[in-house]
$ cat work-v7.cif   # mmCIF, C-alpha atoms, pLDDT in the B column; chains and numbers go by the auth columns
data_protein
#
loop_
_atom_site.group_PDB
_atom_site.id
_atom_site.type_symbol
_atom_site.label_atom_id
_atom_site.label_comp_id
_atom_site.label_asym_id
_atom_site.label_seq_id
_atom_site.Cartn_x
_atom_site.Cartn_y
_atom_site.Cartn_z
_atom_site.B_iso_or_equiv
_atom_site.auth_seq_id
_atom_site.auth_asym_id
ATOM 1 C CA VAL A 1 0.000 0.000 0.000 87.00 1 D
ATOM 2 C CA LEU A 2 1.372 3.384 -1.006 89.00 2 D
ATOM 3 C CA ILE A 3 0.768 6.553 0.981 87.00 3 D
ATOM 4 C CA ASN A 4 0.176 9.772 -0.983 82.00 4 D
ATOM 5 C CA ARG A 5 1.408 8.068 -4.144 81.00 5 D
ATOM 6 C CA SER A 6 -0.271 6.074 -6.873 81.00 6 D
ATOM 7 C CA LEU A 7 0.990 3.258 -9.014 87.00 7 D
ATOM 8 C CA ALA A 8 -1.066 1.089 -11.332 90.00 8 D
ATOM 9 C CA GLY A 9 -2.045 -2.156 -9.650 90.00 9 D
ATOM 10 C CA CYS A 10 -1.057 -1.018 -6.161 91.00 10 D
ATOM 11 C CA GLY A 11 -3.381 0.070 -3.369 92.00 11 D
ATOM 12 C CA ASN A 12 -2.941 3.551 -1.965 90.00 12 D
ATOM 13 C CA VAL A 13 -4.108 5.906 0.745 91.00 13 D
ATOM 14 C CA CYS A 14 -4.072 9.613 -0.052 89.00 14 D
ATOM 15 C CA VAL A 15 -4.407 12.540 2.332 91.00 15 D
ATOM 16 C CA ASP A 16 -6.460 15.559 1.252 94.00 16 D
ATOM 17 C CA ASP A 17 -3.781 18.059 2.269 95.00 17 D
ATOM 18 C CA ALA A 18 -5.660 21.096 0.938 97.00 18 D
ATOM 19 C CA ARG A 19 -8.800 20.203 2.884 97.00 19 D
ATOM 20 C CA GLY A 20 -6.823 19.517 6.060 97.00 20 D
ATOM 21 C CA ALA A 21 -5.116 22.902 5.871 97.00 21 D
ATOM 22 C CA ALA A 22 -8.424 24.631 5.127 98.00 22 D
ATOM 23 C CA ILE A 23 -10.129 22.987 8.119 98.00 23 D
ATOM 24 C CA THR A 24 -7.247 24.081 10.344 97.00 24 D
ATOM 25 C CA VAL A 25 -7.444 27.685 9.110 98.00 25 D
ATOM 26 C CA GLN A 26 -11.235 27.721 9.493 98.00 26 D
ATOM 27 C CA HIS A 27 -10.895 26.507 13.085 98.00 27 D
ATOM 28 C CA LEU A 28 -8.318 29.198 13.903 97.00 28 D
ATOM 29 C CA LEU A 29 -10.461 31.906 12.296 97.00 29 D
ATOM 30 C CA ALA A 30 -13.542 30.701 14.217 97.00 30 D
ATOM 31 C CA SER A 31 -11.430 30.967 17.394 97.00 31 D
ATOM 32 C CA GLY A 32 -10.811 34.643 16.663 96.00 32 D
ATOM 33 C CA ARG A 33 -7.323 34.355 15.179 95.00 33 D
ATOM 34 C CA ARG A 34 -6.587 36.574 12.183 92.00 34 D
ATOM 35 C CA ARG A 35 -2.782 36.449 11.835 94.00 35 D
ATOM 36 C CA ILE A 36 -2.288 32.864 10.766 96.00 36 D
ATOM 37 C CA GLY A 37 1.063 31.711 9.498 94.00 37 D
ATOM 38 C CA LEU A 38 2.068 28.790 7.329 95.00 38 D
ATOM 39 C CA LEU A 39 5.112 26.589 7.755 94.00 39 D
ATOM 40 C CA ALA A 40 5.554 25.027 4.344 91.00 40 D
ATOM 41 C CA GLY A 41 7.758 22.302 3.000 89.00 41 D
ATOM 42 C CA SER A 42 9.570 22.182 -0.291 86.00 42 D
ATOM 43 C CA GLN A 43 7.826 23.632 -3.345 86.00 43 D
ATOM 44 C CA ILE A 44 8.497 20.388 -5.183 88.00 44 D
ATOM 45 C CA SER A 45 6.388 18.501 -2.623 87.00 45 D
ATOM 46 C CA HIS A 46 2.816 17.904 -3.806 87.00 46 D
ATOM 47 C CA SER A 47 1.601 17.764 -0.189 90.00 47 D
ATOM 48 C CA SER A 48 3.274 21.068 0.638 92.00 48 D
ATOM 49 C CA ARG A 49 1.764 22.797 -2.404 93.00 49 D
ATOM 50 C CA GLU A 50 -1.681 21.439 -1.553 94.00 50 D
ATOM 51 C CA ARG A 51 -1.453 22.583 2.078 95.00 51 D
ATOM 52 C CA ALA A 52 -0.444 26.064 0.921 95.00 52 D
ATOM 53 C CA ARG A 53 -3.386 26.099 -1.501 96.00 53 D
ATOM 54 C CA GLY A 54 -5.825 25.070 1.239 97.00 54 D
ATOM 55 C CA TYR A 55 -4.422 27.730 3.572 97.00 55 D
ATOM 56 C CA ALA A 56 -4.698 30.484 0.949 96.00 56 D
ATOM 57 C CA GLU A 57 -8.178 29.463 -0.197 97.00 57 D
ATOM 58 C CA ALA A 58 -9.550 29.311 3.353 97.00 58 D
ATOM 59 C CA MET A 59 -8.058 32.682 4.253 96.00 59 D
ATOM 60 C CA SER A 60 -9.446 34.267 1.083 96.00 60 D
ATOM 61 C CA ALA A 61 -12.885 32.670 1.550 97.00 61 D
ATOM 62 C CA ALA A 62 -13.034 34.281 4.998 96.00 62 D
ATOM 63 C CA GLY A 63 -12.109 37.688 3.574 95.00 63 D
ATOM 64 C CA GLU A 64 -8.631 37.564 5.074 94.00 64 D
ATOM 65 C CA ASP A 65 -5.508 38.174 3.018 90.00 65 D
ATOM 66 C CA PRO A 66 -2.880 35.455 3.389 89.00 66 D
ATOM 67 C CA ASP A 67 0.148 37.354 4.707 88.00 67 D
ATOM 68 C CA SER A 68 3.304 36.257 2.875 89.00 68 D
ATOM 69 C CA ALA A 69 5.327 37.667 5.779 93.00 69 D
ATOM 70 C CA LEU A 70 3.829 34.854 7.884 94.00 70 D
ATOM 71 C CA THR A 71 4.889 32.076 5.513 93.00 71 D
ATOM 72 C CA ARG A 72 8.148 30.218 5.978 94.00 72 D
ATOM 73 C CA ARG A 73 9.644 27.344 4.043 91.00 73 D
ATOM 74 C CA CYS A 74 11.183 24.670 6.233 91.00 74 D
ATOM 75 C CA ASP A 75 14.813 24.084 5.259 86.00 75 D
ATOM 76 C CA SER A 76 14.552 20.390 6.092 87.00 76 D
ATOM 77 C CA PRO A 77 11.552 18.046 6.427 85.00 77 D
ATOM 78 C CA ASP A 78 12.000 17.246 10.095 90.00 78 D
ATOM 79 C CA ILE A 79 11.270 18.648 13.542 93.00 79 D
ATOM 80 C CA ASP A 80 14.391 20.813 13.560 94.00 80 D
ATOM 81 C CA GLY A 81 13.537 22.329 10.155 92.00 81 D
ATOM 82 C CA GLY A 82 10.019 23.134 11.378 91.00 82 D
ATOM 83 C CA TYR A 83 11.398 24.616 14.582 94.00 83 D
ATOM 84 C CA ARG A 84 13.828 26.884 12.716 93.00 84 D
ATOM 85 C CA ALA A 85 11.042 28.050 10.397 92.00 85 D
ATOM 86 C CA ALA A 86 8.710 28.774 13.331 93.00 86 D
ATOM 87 C CA VAL A 87 11.384 30.688 15.233 94.00 87 D
ATOM 88 C CA SER A 88 12.055 32.834 12.164 93.00 88 D
ATOM 89 C CA LEU A 89 8.477 34.100 12.260 90.00 89 D
#
$ encode --input "work-v7.cif" --output "structure tokens"
Amino acid sequence: VLINRSLAGCGNVCVDDARGAAITVQHLLASGRRRIGLLAGSQISHSSRERARGYAEAMSAAGEDPDSALTRRCDSPDIDGGYRAAVSL
């Protein structure tokens, strides 16, 4: 079974990254937050691009402008990379 990949003849499980990001943003907005940042992975990552799309679409749908100053790319796909990106906000 493949995860977030597809290959003919092989079972797979795919995550709806855009929807997950949108639900997260909607929850934060409903909680009164307006300055919502995004820690993103590599631009070559399909999951990362989809999460960024979900974030931007949910912010826009709520009448909020996604603030590029609150977006950081993680320099490595691990806890330390996420930590460094968060600290840089």
$ closest_residue --input "work-v7.cif" --among "D:Ala61, D:Cys14, D:Leu39, D:Ala52" --to "Ala86 (chain D)" --atoms "only C-alpha atoms"
D:Leu39
$ residues_around --input "work-v7.cif" --residues "Ser88 (chain D)" --least-positions-apart "2" --cutoff "10 Å" --atoms "all atoms listed in the file" --output "VMD selection string"
chain D and resid 70 to 72 82 to 86
$ atom_distance --input "work-v7.cif" --atom1 "CA of Gly20 (chain D)" --atom2 "CA of Gly81 (chain D)"
21.0 Å
$ residues_around --input "work-v7.cif" --residues "Cys10 (chain D)" --least-positions-apart "5" --cutoff "10 Å" --atoms "all atoms listed in the file" --output "PyMOL selection string"
chain D and resi 1-2+5
$ axis_aligned_box --input "work-v7.cif" --around "region 2-9 of chain D" --padding-each-side "4 Å" --output "JSON"
{"center_x": -0.3, "center_y": 3.8, "center_z": -5.2, "size_x": 11.5, "size_y": 19.9, "size_z": 20.3}
$ build_atoms --input "work-v7.cif" --residues "region 30-50 of chain D" --atoms "N, CA, C and O atoms" --output "PDB file, in the frame of the given file"
ATOM      1  N   ALA D  30     -12.358  30.782  13.352  1.00 97.00           N
ATOM      2  CA  ALA D  30     -13.542  30.701  14.217  1.00 97.00           C
ATOM      3  C   ALA D  30     -13.178  30.956  15.675  1.00 97.00           C
ATOM      4  O   ALA D  30     -14.031  31.391  16.465  1.00 97.00           O
ATOM      5  N   SER D  31     -11.910  30.722  16.032  1.00 97.00           N
ATOM      6  CA  SER D  31     -11.430  30.967  17.394  1.00 97.00           C
ATOM      7  C   SER D  31     -10.987  32.409  17.591  1.00 97.00           C
ATOM      8  O   SER D  31     -10.455  32.749  18.644  1.00 97.00           O
ATOM      9  N   GLY D  32     -11.145  33.226  16.551  1.00 96.00           N
ATOM     10  CA  GLY D  32     -10.811  34.643  16.663  1.00 96.00           C
ATOM     11  C   GLY D  32      -9.426  35.017  16.162  1.00 96.00           C
ATOM     12  O   GLY D  32      -9.047  36.180  16.192  1.00 96.00           O
ATOM     13  N   ARG D  33      -8.667  34.043  15.693  1.00 95.00           N
ATOM     14  CA  ARG D  33      -7.323  34.355  15.179  1.00 95.00           C
ATOM     15  C   ARG D  33      -7.443  34.987  13.809  1.00 95.00           C
ATOM     16  O   ARG D  33      -8.293  34.611  13.014  1.00 95.00           O
ATOM     17  N   ARG D  34      -6.604  35.936  13.499  1.00 92.00           N
ATOM     18  CA  ARG D  34      -6.587  36.574  12.183  1.00 92.00           C
ATOM     19  C   ARG D  34      -5.204  36.530  11.552  1.00 92.00           C
ATOM     20  O   ARG D  34      -5.080  36.504  10.347  1.00 92.00           O
ATOM     21  N   ARG D  35      -4.158  36.539  12.356  1.00 94.00           N
ATOM     22  CA  ARG D  35      -2.782  36.449  11.835  1.00 94.00           C
ATOM     23  C   ARG D  35      -2.361  34.988  11.907  1.00 94.00           C
ATOM     24  O   ARG D  35      -1.908  34.518  12.935  1.00 94.00           O
ATOM     25  N   ILE D  36      -2.551  34.299  10.814  1.00 96.00           N
ATOM     26  CA  ILE D  36      -2.288  32.864  10.766  1.00 96.00           C
ATOM     27  C   ILE D  36      -1.137  32.616   9.809  1.00 96.00           C
ATOM     28  O   ILE D  36      -1.193  33.004   8.643  1.00 96.00           O
ATOM     29  N   GLY D  37      -0.109  31.993  10.312  1.00 94.00           N
ATOM     30  CA  GLY D  37       1.063  31.711   9.498  1.00 94.00           C
ATOM     31  C   GLY D  37       1.008  30.328   8.877  1.00 94.00           C
ATOM     32  O   GLY D  37       0.130  29.519   9.181  1.00 94.00           O
ATOM     33  N   LEU D  38       1.958  30.082   7.993  1.00 95.00           N
ATOM     34  CA  LEU D  38       2.068  28.790   7.329  1.00 95.00           C
ATOM     35  C   LEU D  38       3.526  28.368   7.317  1.00 95.00           C
ATOM     36  O   LEU D  38       4.388  29.092   6.825  1.00 95.00           O
ATOM     37  N   LEU D  39       3.793  27.203   7.877  1.00 94.00           N
ATOM     38  CA  LEU D  39       5.112  26.589   7.755  1.00 94.00           C
ATOM     39  C   LEU D  39       4.996  25.586   6.623  1.00 94.00           C
ATOM     40  O   LEU D  39       4.245  24.618   6.728  1.00 94.00           O
ATOM     41  N   ALA D  40       5.697  25.839   5.555  1.00 91.00           N
ATOM     42  CA  ALA D  40       5.554  25.027   4.344  1.00 91.00           C
ATOM     43  C   ALA D  40       6.818  24.239   4.065  1.00 91.00           C
ATOM     44  O   ALA D  40       7.921  24.672   4.388  1.00 91.00           O
ATOM     45  N   GLY D  41       6.624  23.113   3.426  1.00 89.00           N
ATOM     46  CA  GLY D  41       7.758  22.302   3.000  1.00 89.00           C
ATOM     47  C   GLY D  41       8.250  22.751   1.638  1.00 89.00           C
ATOM     48  O   GLY D  41       7.928  23.840   1.158  1.00 89.00           O
ATOM     49  N   SER D  42       8.987  21.911   1.015  1.00 86.00           N
ATOM     50  CA  SER D  42       9.570  22.182  -0.291  1.00 86.00           C
ATOM     51  C   SER D  42       8.495  22.440  -1.345  1.00 86.00           C
ATOM     52  O   SER D  42       7.434  21.808  -1.332  1.00 86.00           O
ATOM     53  N   GLN D  43       8.779  23.338  -2.271  1.00 86.00           N
ATOM     54  CA  GLN D  43       7.826  23.632  -3.345  1.00 86.00           C
ATOM     55  C   GLN D  43       7.706  22.478  -4.328  1.00 86.00           C
ATOM     56  O   GLN D  43       6.762  22.444  -5.108  1.00 86.00           O
ATOM     57  N   ILE D  44       8.620  21.535  -4.294  1.00 88.00           N
ATOM     58  CA  ILE D  44       8.497  20.388  -5.183  1.00 88.00           C
ATOM     59  C   ILE D  44       7.608  19.298  -4.573  1.00 88.00           C
ATOM     60  O   ILE D  44       7.249  18.347  -5.250  1.00 88.00           O
ATOM     61  N   SER D  45       7.247  19.467  -3.309  1.00 87.00           N
ATOM     62  CA  SER D  45       6.388  18.501  -2.623  1.00 87.00           C
ATOM     63  C   SER D  45       4.923  18.774  -2.950  1.00 87.00           C
ATOM     64  O   SER D  45       4.405  19.865  -2.696  1.00 87.00           O
ATOM     65  N   HIS D  46       4.243  17.773  -3.501  1.00 87.00           N
ATOM     66  CA  HIS D  46       2.816  17.904  -3.806  1.00 87.00           C
ATOM     67  C   HIS D  46       2.029  18.229  -2.539  1.00 87.00           C
ATOM     68  O   HIS D  46       1.173  19.115  -2.544  1.00 87.00           O
ATOM     69  N   SER D  47       2.315  17.527  -1.449  1.00 90.00           N
ATOM     70  CA  SER D  47       1.601  17.764  -0.189  1.00 90.00           C
ATOM     71  C   SER D  47       1.781  19.193   0.288  1.00 90.00           C
ATOM     72  O   SER D  47       0.827  19.844   0.726  1.00 90.00           O
ATOM     73  N   SER D  48       2.996  19.702   0.202  1.00 92.00           N
ATOM     74  CA  SER D  48       3.274  21.068   0.638  1.00 92.00           C
ATOM     75  C   SER D  48       2.505  22.082  -0.213  1.00 92.00           C
ATOM     76  O   SER D  48       1.922  23.028   0.315  1.00 92.00           O
ATOM     77  N   ARG D  49       2.506  21.883  -1.517  1.00 93.00           N
ATOM     78  CA  ARG D  49       1.764  22.797  -2.404  1.00 93.00           C
ATOM     79  C   ARG D  49       0.267  22.755  -2.105  1.00 93.00           C
ATOM     80  O   ARG D  49      -0.402  23.790  -2.082  1.00 93.00           O
ATOM     81  N   GLU D  50      -0.259  21.572  -1.852  1.00 94.00           N
ATOM     82  CA  GLU D  50      -1.681  21.439  -1.553  1.00 94.00           C
ATOM     83  C   GLU D  50      -2.044  22.078  -0.211  1.00 94.00           C
ATOM     84  O   GLU D  50      -3.089  22.712  -0.082  1.00 94.00           O
TER      85      GLU D  50
END
